[in-house]
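Visitor: This is query_31.txt (compact mmCIF, C-alpha atoms).
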```txt
# COMPACT_ATOMS: atom_id res chain seq x y z
CA MET A 1 30.11 50.28 25.42
CA ASP A 2 29.97 51.57 28.94
CA ARG A 3 29.90 49.43 32.01
CA ASN A 4 26.15 49.70 32.52
CA GLN A 5 25.45 48.54 29.02
CA LEU A 6 27.87 45.68 29.45
CA GLN A 7 26.25 44.67 32.69
CA ARG A 8 22.89 44.76 30.99
CA GLN A 9 24.27 42.46 28.34
CA VAL A 10 25.41 40.07 31.05
CA ALA A 11 21.94 40.06 32.58
CA LEU A 12 20.32 39.50 29.20
CA LYS A 13 22.63 36.63 28.42
CA ARG A 14 21.88 35.07 31.77
CA SER A 15 18.12 35.37 31.22
CA PHE A 16 18.51 33.89 27.76
CA LEU A 17 20.33 30.87 29.16
CA PHE A 18 17.52 30.30 31.65
CA GLU A 19 14.63 30.97 29.32
CA GLN A 20 16.00 28.74 26.60
CA CYS A 21 16.50 25.97 29.16
CA TYR A 22 20.21 25.77 28.65
CA LEU A 23 20.62 26.22 32.34
CA ASP A 24 18.46 25.41 35.32
CA PRO A 25 18.07 28.73 37.14
CA GLN A 26 17.70 27.09 40.55
CA GLN A 27 20.96 25.20 40.29
CA PHE A 28 22.86 27.97 38.57
CA VAL A 29 21.77 30.53 41.12
CA GLN A 30 22.86 28.11 43.84
CA LEU A 31 26.32 28.03 42.26
CA GLU A 32 26.36 31.82 42.10
CA GLU A 33 25.42 31.97 45.78
CA LEU A 34 28.55 30.03 46.59
CA GLN A 35 30.71 32.83 45.24
CA ASP A 36 32.11 35.34 47.65
CA ASP A 37 35.09 37.64 47.95
CA ALA A 38 37.37 34.71 48.68
CA ASN A 39 35.93 32.61 45.85
CA PRO A 40 34.75 35.10 43.26
CA ASN A 41 35.11 32.82 40.25
CA PHE A 42 33.64 29.63 41.57
CA VAL A 43 31.02 29.31 38.83
CA GLU A 44 33.53 29.67 36.05
CA GLU A 45 35.90 27.31 37.85
CA ILE A 46 33.36 24.56 38.22
CA VAL A 47 32.19 24.97 34.63
CA THR A 48 35.80 24.76 33.44
CA LEU A 49 36.25 21.65 35.53
CA PHE A 50 33.07 20.22 34.03
CA TYR A 51 34.35 20.65 30.49
CA LYS A 52 37.71 19.20 31.35
CA ASP A 53 36.13 16.17 33.00
CA SER A 54 33.64 15.78 30.15
CA ALA A 55 36.46 15.24 27.70
CA ARG A 56 37.69 12.37 29.81
CA LEU A 57 34.25 10.80 30.07
CA PHE A 58 33.49 11.22 26.36
CA GLN A 59 36.68 9.36 25.58
CA LYS A 60 35.64 6.49 27.80
CA ILE A 61 32.14 6.47 26.33
CA GLU A 62 33.43 6.43 22.78
CA GLN A 63 35.89 3.70 23.54
CA ALA A 64 33.13 1.60 25.04
CA LEU A 65 30.77 2.39 22.19
CA TYR A 66 33.24 1.36 19.51
CA SER A 67 34.51 -1.78 21.13
CA ARG A 68 32.94 -5.11 20.21
CA PRO A 69 31.00 -6.51 21.89
CA ILE A 70 29.52 -3.40 23.43
CA ASP A 71 29.27 -3.42 27.19
CA PHE A 72 26.02 -1.48 27.60
CA ALA A 73 26.20 -1.60 31.37
CA LYS A 74 29.55 0.10 31.30
CA LEU A 75 28.31 2.62 28.76
CA ASP A 76 25.34 3.39 30.95
CA ASP A 77 27.62 3.78 33.94
CA TYR A 78 29.90 6.28 32.20
CA MET A 79 26.94 8.26 30.93
CA HIS A 80 25.44 8.17 34.41
CA GLN A 81 28.58 9.79 35.76
CA PHE A 82 28.49 12.44 33.07
CA LYS A 83 24.80 13.04 33.62
CA GLY A 84 25.48 13.62 37.31
CA SER A 85 27.95 16.34 36.42
CA THR A 86 25.49 18.04 34.08
CA SER A 87 23.00 18.05 36.90
CA SER A 88 25.49 19.65 39.28
CA ILE A 89 26.04 22.61 37.00
CA GLY A 90 22.40 22.79 35.95
CA ALA A 91 22.93 21.96 32.28
CA ILE A 92 19.36 20.94 31.45
CA LYS A 93 19.52 20.34 27.73
CA VAL A 94 22.70 18.33 27.96
CA LYS A 95 21.25 16.34 30.82
CA ASN A 96 18.13 15.52 28.83
CA GLU A 97 20.21 14.20 25.96
CA CYS A 98 22.09 12.05 28.47
CA SER A 99 18.81 10.54 29.57
CA GLN A 100 18.02 9.71 25.95
CA PHE A 101 21.37 8.01 25.62
CA LYS A 102 20.71 5.96 28.72
CA GLU A 103 17.39 4.81 27.30
CA PHE A 104 19.21 3.44 24.30
CA CYS A 105 21.69 1.70 26.58
CA LEU A 106 18.86 0.03 28.41
CA ALA A 107 17.50 -1.14 25.08
CA ALA A 108 20.99 -2.24 24.02
CA ASN A 109 20.52 -0.16 20.89
CA ALA A 110 23.99 0.65 19.58
CA ASP A 111 22.84 2.85 16.69
CA GLY A 112 20.57 4.73 19.00
CA CYS A 113 23.48 5.28 21.36
CA VAL A 114 25.68 6.61 18.59
CA ARG A 115 23.03 9.12 17.50
CA ALA A 116 22.25 10.08 21.09
CA LEU A 117 25.90 10.65 21.86
CA GLU A 118 26.10 13.03 18.90
CA ARG A 119 23.23 15.04 20.33
CA VAL A 120 24.81 15.06 23.79
CA LYS A 121 28.00 16.42 22.30
CA GLN A 122 26.16 19.01 20.25
CA GLU A 123 24.28 20.36 23.24
CA HIS A 124 27.44 20.17 25.31
CA GLN A 125 29.35 22.24 22.76
CA THR A 126 26.52 24.74 22.27
CA LEU A 127 26.35 25.33 25.99
CA ARG A 128 30.09 25.68 26.15
CA ILE A 129 30.05 28.48 23.60
CA HIS A 130 27.23 30.24 25.39
CA LEU A 131 28.96 29.98 28.74
CA GLU A 132 32.29 31.13 27.40
CA ASN A 133 30.50 34.12 25.95
CA TYR A 134 28.73 34.72 29.25
CA PHE A 135 31.94 34.63 31.30
CA GLN A 136 33.65 36.85 28.76
CA LEU A 137 30.85 39.41 29.03
CA ARG A 138 31.16 39.30 32.81
CA ARG A 139 34.86 40.03 32.57
CA GLN A 140 34.29 42.89 30.20
CA ALA A 141 31.62 44.31 32.45
CA GLY A 142 34.09 44.31 35.30
CA LEU A 143 32.13 41.77 37.23
CA VAL A 144 35.05 39.44 37.68
CA GLN A 145 37.76 40.04 40.23
CA ARG A 146 41.30 39.30 39.26
CA VAL A 147 42.73 36.92 41.82
CA MET B 1 43.58 18.49 70.28
CA GLY B 2 40.83 16.74 68.33
CA MET B 3 37.23 17.62 68.52
CA SER B 4 37.09 18.17 72.20
CA ALA B 5 37.44 21.93 71.86
CA THR B 6 33.91 23.14 72.02
CA ASP B 7 34.39 26.13 69.79
CA SER B 8 36.33 24.51 66.95
CA GLN B 9 34.78 24.09 63.54
CA PHE B 10 33.03 20.88 62.68
CA HIS B 11 35.08 18.77 60.34
CA VAL B 12 33.23 17.02 57.54
CA LEU B 13 34.69 14.26 55.38
CA ALA B 14 33.10 14.32 51.92
CA VAL B 15 33.35 11.27 49.69
CA ASP B 16 32.53 11.38 45.97
CA ASP B 17 34.14 9.90 42.88
CA SER B 18 33.06 12.86 40.72
CA VAL B 19 35.57 15.69 40.67
CA ILE B 20 32.81 18.21 39.93
CA ASP B 21 30.67 17.02 42.80
CA ARG B 22 33.65 17.08 45.14
CA LYS B 23 34.30 20.67 44.22
CA LEU B 24 30.66 21.52 44.72
CA ILE B 25 30.22 19.77 48.07
CA GLU B 26 33.45 21.29 49.31
CA ARG B 27 32.25 24.79 48.46
CA LEU B 28 28.82 24.11 49.95
CA LEU B 29 30.34 22.88 53.19
CA LYS B 30 32.90 25.67 53.45
CA THR B 31 30.21 28.26 52.80
CA SER B 32 28.36 26.68 55.71
CA SER B 33 31.49 27.17 57.83
CA TYR B 34 32.60 23.58 58.04
CA GLN B 35 36.13 22.40 57.79
CA VAL B 36 36.24 20.00 54.83
CA THR B 37 38.31 17.09 53.63
CA THR B 38 37.35 15.46 50.33
CA VAL B 39 38.33 12.02 49.11
CA ASP B 40 37.37 10.21 45.94
CA SER B 41 36.60 6.74 47.26
CA GLY B 42 35.19 4.81 50.18
CA SER B 43 38.48 3.07 50.83
CA LYS B 44 40.30 6.40 51.03
CA ALA B 45 37.62 7.59 53.41
CA LEU B 46 38.23 4.63 55.70
CA GLU B 47 41.97 5.21 55.49
CA PHE B 48 41.47 8.79 56.52
CA LEU B 49 39.28 7.70 59.39
CA GLY B 50 41.99 5.33 60.53
CA LEU B 51 40.24 2.13 59.63
CA TYR B 52 42.08 -0.10 57.23
CA GLU B 53 40.09 -2.71 55.33
CA ASP B 54 42.15 -5.66 56.42
CA GLU B 55 42.07 -4.57 60.02
CA GLN B 56 38.39 -3.82 60.26
CA SER B 57 37.04 -3.62 63.77
CA SER B 58 33.96 -5.31 64.99
CA SER B 59 32.18 -4.71 68.22
CA ASP B 60 33.92 -7.76 69.68
CA SER B 61 37.52 -6.91 69.01
CA PRO B 62 39.39 -3.75 69.95
CA SER B 63 39.79 -1.32 67.09
CA VAL B 64 43.18 -0.55 65.63
CA SER B 65 43.23 3.12 66.48
CA PRO B 66 40.28 3.78 68.73
CA ASN B 67 40.87 7.46 69.08
CA ASN B 68 41.90 8.21 65.53
CA GLN B 69 38.56 9.67 64.62
CA GLN B 70 39.01 12.08 67.46
CA GLU B 71 42.56 12.86 66.41
CA VAL B 72 41.63 13.68 62.83
CA GLY B 73 38.43 15.11 64.27
CA VAL B 74 35.89 13.98 61.71
CA ASN B 75 32.46 14.94 62.94
CA LEU B 76 30.42 13.81 59.99
CA VAL B 77 30.83 11.80 56.80
CA ILE B 78 28.85 12.76 53.72
CA THR B 79 29.14 10.30 50.88
CA ASP B 80 27.86 9.70 47.38
CA TYR B 81 25.93 6.48 47.01
CA CYS B 82 27.02 5.36 43.53
CA MET B 83 30.77 4.95 43.53
CA PRO B 84 32.91 2.31 41.86
CA GLY B 85 34.34 -0.30 44.20
CA MET B 86 32.96 0.55 47.61
CA THR B 87 29.56 2.20 47.36
CA GLY B 88 28.37 4.79 49.82
CA TYR B 89 26.19 2.13 51.37
CA ASP B 90 29.20 -0.18 51.84
CA LEU B 91 31.09 2.68 53.45
CA LEU B 92 28.17 3.42 55.73
CA LYS B 93 28.07 -0.20 56.82
CA LYS B 94 31.76 -0.32 57.56
CA ILE B 95 31.56 2.82 59.62
CA LYS B 96 28.58 1.60 61.61
CA GLU B 97 30.18 -1.80 62.17
CA SER B 98 33.31 -0.24 63.56
CA SER B 99 33.42 0.29 67.30
CA SER B 100 35.67 3.30 66.87
CA LEU B 101 33.71 4.99 64.10
CA ARG B 102 30.09 4.05 64.60
CA ASN B 103 29.18 7.27 66.36
CA ILE B 104 30.15 9.40 63.41
CA PRO B 105 26.97 10.53 61.68
CA VAL B 106 26.83 9.53 58.03
CA VAL B 107 24.81 11.23 55.30
CA ILE B 108 24.22 9.68 51.89
CA MET B 109 23.86 11.63 48.65
CA SER B 110 22.39 10.27 45.46
CA SER B 111 21.25 11.56 42.12
CA GLU B 112 18.51 8.93 42.11
CA ASN B 113 15.36 9.02 44.15
CA VAL B 114 14.92 5.33 44.90
CA PRO B 115 12.74 4.81 47.99
CA SER B 116 14.08 1.33 48.72
CA ARG B 117 17.63 2.68 48.55
CA ILE B 118 16.76 5.51 50.90
CA THR B 119 15.11 3.16 53.38
CA ARG B 120 18.01 0.76 53.27
CA CYS B 121 20.48 3.53 54.03
CA LEU B 122 18.44 4.98 56.86
CA GLU B 123 17.99 1.53 58.36
CA GLU B 124 21.70 0.94 58.20
CA GLY B 125 22.18 4.07 60.29
CA ALA B 126 22.48 6.97 57.86
CA GLU B 127 21.21 10.16 59.40
CA GLU B 128 20.01 11.78 56.21
CA PHE B 129 19.65 11.07 52.54
CA PHE B 130 20.21 14.02 50.22
CA LEU B 131 19.13 14.08 46.61
CA LYS B 132 21.69 15.56 44.27
CA PRO B 133 22.39 18.21 43.38
CA VAL B 134 22.82 19.09 47.02
CA ARG B 135 21.85 22.63 47.97
CA LEU B 136 22.82 24.93 50.82
CA SER B 137 19.38 24.45 52.35
CA ASP B 138 20.04 20.70 52.61
CA LEU B 139 23.16 21.35 54.65
CA SER B 140 21.18 23.09 57.35
CA ARG B 141 19.88 19.62 58.19
CA LEU B 142 23.36 18.55 59.18
CA ARG B 143 23.74 20.67 62.25
CA PRO B 144 21.47 18.74 64.66
CA HIS B 145 23.34 15.52 63.87
CA LEU B 146 26.66 17.23 64.43
CA MET B 147 25.54 18.72 67.73
CA LYS B 148 24.29 15.34 68.90
CA SER B 149 27.47 13.61 67.82
CA LYS B 150 29.67 16.15 69.56
CA SER B 151 27.63 15.75 72.73
CA SER B 152 27.86 11.96 72.71
CA ASN B 153 31.59 12.09 71.97
CA GLN B 154 32.03 14.33 74.95
CA ASN B 155 30.26 11.58 76.84
CA GLN B 156 32.84 9.05 75.69
CA GLU B 157 35.64 11.21 77.00
CA LYS B 158 33.88 11.81 80.26
CA GLN B 159 32.93 8.19 80.73
CA GLY B 160 33.35 7.04 84.27
CA ASP B 161 34.46 10.22 85.93
CA GLU B 162 31.65 12.71 85.83
CA SER B 163 28.70 12.77 88.14
CA GLU B 164 26.43 15.27 86.41
CA ASN B 165 23.45 13.80 84.70
CA SER B 166 20.49 15.47 83.13
CA GLU B 167 18.55 12.29 82.55
CA THR B 168 16.09 10.99 85.10
CA GLN B 169 18.01 7.96 86.33
CA SER B 170 18.38 6.81 89.88
CA GLN B 171 21.58 7.51 91.82
CA GLU B 172 22.38 3.83 92.36
CA GLN B 173 21.95 3.06 88.71
CA ASP B 174 24.37 5.84 87.81
CA HIS B 175 27.00 4.62 90.20
CA GLU B 176 26.73 1.07 88.96
CA LEU B 177 26.88 2.06 85.33
CA GLU B 178 29.91 4.26 85.78
CA GLN B 179 32.07 1.22 86.33
CA GLN B 180 31.23 -0.37 83.05
CA GLN B 181 33.24 -0.62 79.84
CA PRO B 182 32.75 1.49 76.69
CA GLN B 183 29.39 1.20 75.04
CA THR B 184 28.46 -2.09 73.49
CA MET B 185 25.40 -0.96 71.67
CA PRO B 186 24.07 -3.78 69.54
CA PRO B 187 24.01 -2.99 65.84
CA ASN B 188 20.32 -3.35 65.24
CA ASN B 189 17.61 -1.39 63.52
CA ASN B 190 16.54 0.19 66.74
CA LYS B 191 19.90 1.79 67.30
CA ARG B 192 19.05 4.97 65.52
CA LYS B 193 15.71 5.23 67.22
CA ALA B 194 17.37 4.48 70.54
CA MET B 195 19.88 7.25 70.05
CA GLU B 196 17.08 9.64 69.31
CA GLU B 197 15.16 8.63 72.40
CA GLY B 198 18.22 8.99 74.56
CA LEU B 199 17.20 6.30 76.98
CA SER B 200 17.54 2.74 75.83
CA PRO B 201 17.48 -0.37 77.92
CA ASP B 202 20.33 -1.66 75.78
CA ARG B 203 22.74 1.07 76.74
CA THR B 204 25.14 0.07 79.44
CA ARG B 205 26.20 3.47 80.58
CA PRO B 206 24.40 6.64 81.53
CA ARG B 207 23.77 9.26 78.90
CA TYR B 208 25.00 12.65 79.96
CA GLY B 209 23.48 15.87 78.76
CA GLY B 210 25.76 18.27 76.98
CA ILE B 211 26.79 19.91 80.19
CA ALA B 212 29.77 17.79 81.12
CA THR B 213 32.80 19.92 81.62
CA LEU B 214 35.87 19.09 79.62
CA VAL B 215 39.38 18.57 80.79
```
Represent the structure of the file as structure tokens.
Guide:
Amino acid sequence: MDRNQLQRQVALKRSFLFEQCYLDPQQFVQLEELQDDANPNFVEEIVTLFYKDSARLFQKIEQALYSRPIDFAKLDDYMHQFKGSTSSIGAIKVKNECSQFKEFCLAANADGCVRALERVKQEHQTLRIHLENYFQLRRQAGLVQRV
Amino acid sequence: MGMSATDSQFHVLAVDDSVIDRKLIERLLKTSSYQVTTVDSGSKALEFLGLYEDEQSSSDSPSVSPNNQQEVGVNLVITDYCMPGMTGYDLLKKIKESSSLRNIPVVIMSSENVPSRITRCLEEGAEEFFLKPVRLSDLSRLRPHLMKSKSSNQNQEKQGDESENSETQSQEQDHELEQQQPQTMPPNNNKRKAMEEGLSPDRTRPRYGGIATLV
């Protein structure tokens, strides 16, 4: 595949992510606008950081969810932190699942929380795969500078 | 030297417990040509500003390091609201209660749009309240506060030995006021409004326009 075709693929993937509401175009474009010659990989860096930090927060959430008695306030707090991060990178679907989780926390519904957490993680993982693919396409299309 | 050089970059201290949001705010600020320091808690912010919790200044007692904020040159603090331990609101209060730090403009960020929270912060002296995620366009609102802060800090340095005055005050009043001690502005709700108006009966020294020459 030549470079033009690859770049078209990148553009298509990007549109797909927006149209399918995986990503909030406003926020994602804002992140892209923060890239420059000195910081050409900012978007990928912050996404990588997001996934690294998510792992930490998921651990805390699970620990809190499986301890007895459940501290729903703490659970809500952890999820609030995670939700904030999803908002910063524009991860709409993940963020929406976080909101669902928080509703269950408010209702002190443990089962609901368990199910909601599953959905959060599913969306989180789906987005991860899409984004990895997207960044890979960008590299292949020569859109990424080697630092 | 600290922030007395008129052409140096503004230095912003960003406070947020989220590593992602710290990375984002840092990039936003640097893109807007600010010098940035990020910390992950309110107590670290106060440490950086030279104010230690157990040695907190009030308007009655001398501060521990009165010129530290000029040495580290922090021109603005932007802080998340929801943080464990010291919230952004607590940090704001501590800064505004400190005689050495109260002139530093403070901006609060929050992911939640809670009107009572916003009002409370503004009443406590926050200059702006940004909803997260913060955008580049939000940061353009910082500049007026930075310009005003730089101007009033120049005033502090020039206090007592400069005769230029762009305000319409009488000569005798100026002369009298020059002798007085550093500002003892009462921490009340009108403070912010008073600063905006420029002329407040509570101020004990003349307000100079931004035309004072620097040493």
Visitor: List the spatial neighbours of Arg138 in chain A as a PyMOL selection string - criterion: any atom at most 10 Å away, all atoms listed in the file, same-chain residues fewer than 2 positions off excluded.
Guide: chain A and resi 6-7+9-11+13+132-136+140-145
Visitor: Just need the residues of chain B within 9 Å of chain A, counting all atoms listed in the file, so spit them out as an MDAnalysis selection string.
Guide: chainID B and resid 18:21 23:24 27:28 31 111 132:136
Visitor: Would you compute the distance between CA of Lys93 in chain B and CA of Asp17 in chain B? Give it in Å to one decimal.
Guide: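 Going from CA of Lys93 in chain B over to CA of Asp17 in chain B, I get 18.3 Å.
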Visitor: Enter the distance from CA of Val15 in chain B to CA of Gln100 in chain A, in Å, rounded to one decimal.
Guide: 28.3 Å
Visitor: If you measure from CA of Arg115 in chain A to CA of Phe101 in chain A, what distance in Å do you get, rounded to one decimal?
Guide: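 Spanning CA of Arg115 in chain A to CA of Phe101 in chain A is a straight-line distance of 8.4 Å.
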Visitor: Between A:Glu32, A:Ser67, A:Phe72, A:Phe58, which residue has the minimum interatomic distance to Gly112 in chain A, considering only C-alpha atoms?
Guide: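 Among the listed residues, A:Phe72 lies closest to Gly112 in chain A.
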Visitor: So which one's closest to Leu13 in chain B, B:Ile108, B:Val36, B:Cys121, B:Ile25? Using all atoms listed in the file, please.
Guide: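 Among B:Ile108, B:Val36, B:Cys121, B:Ile25, it is B:Val36 that comes nearest to Leu13 in chain B.
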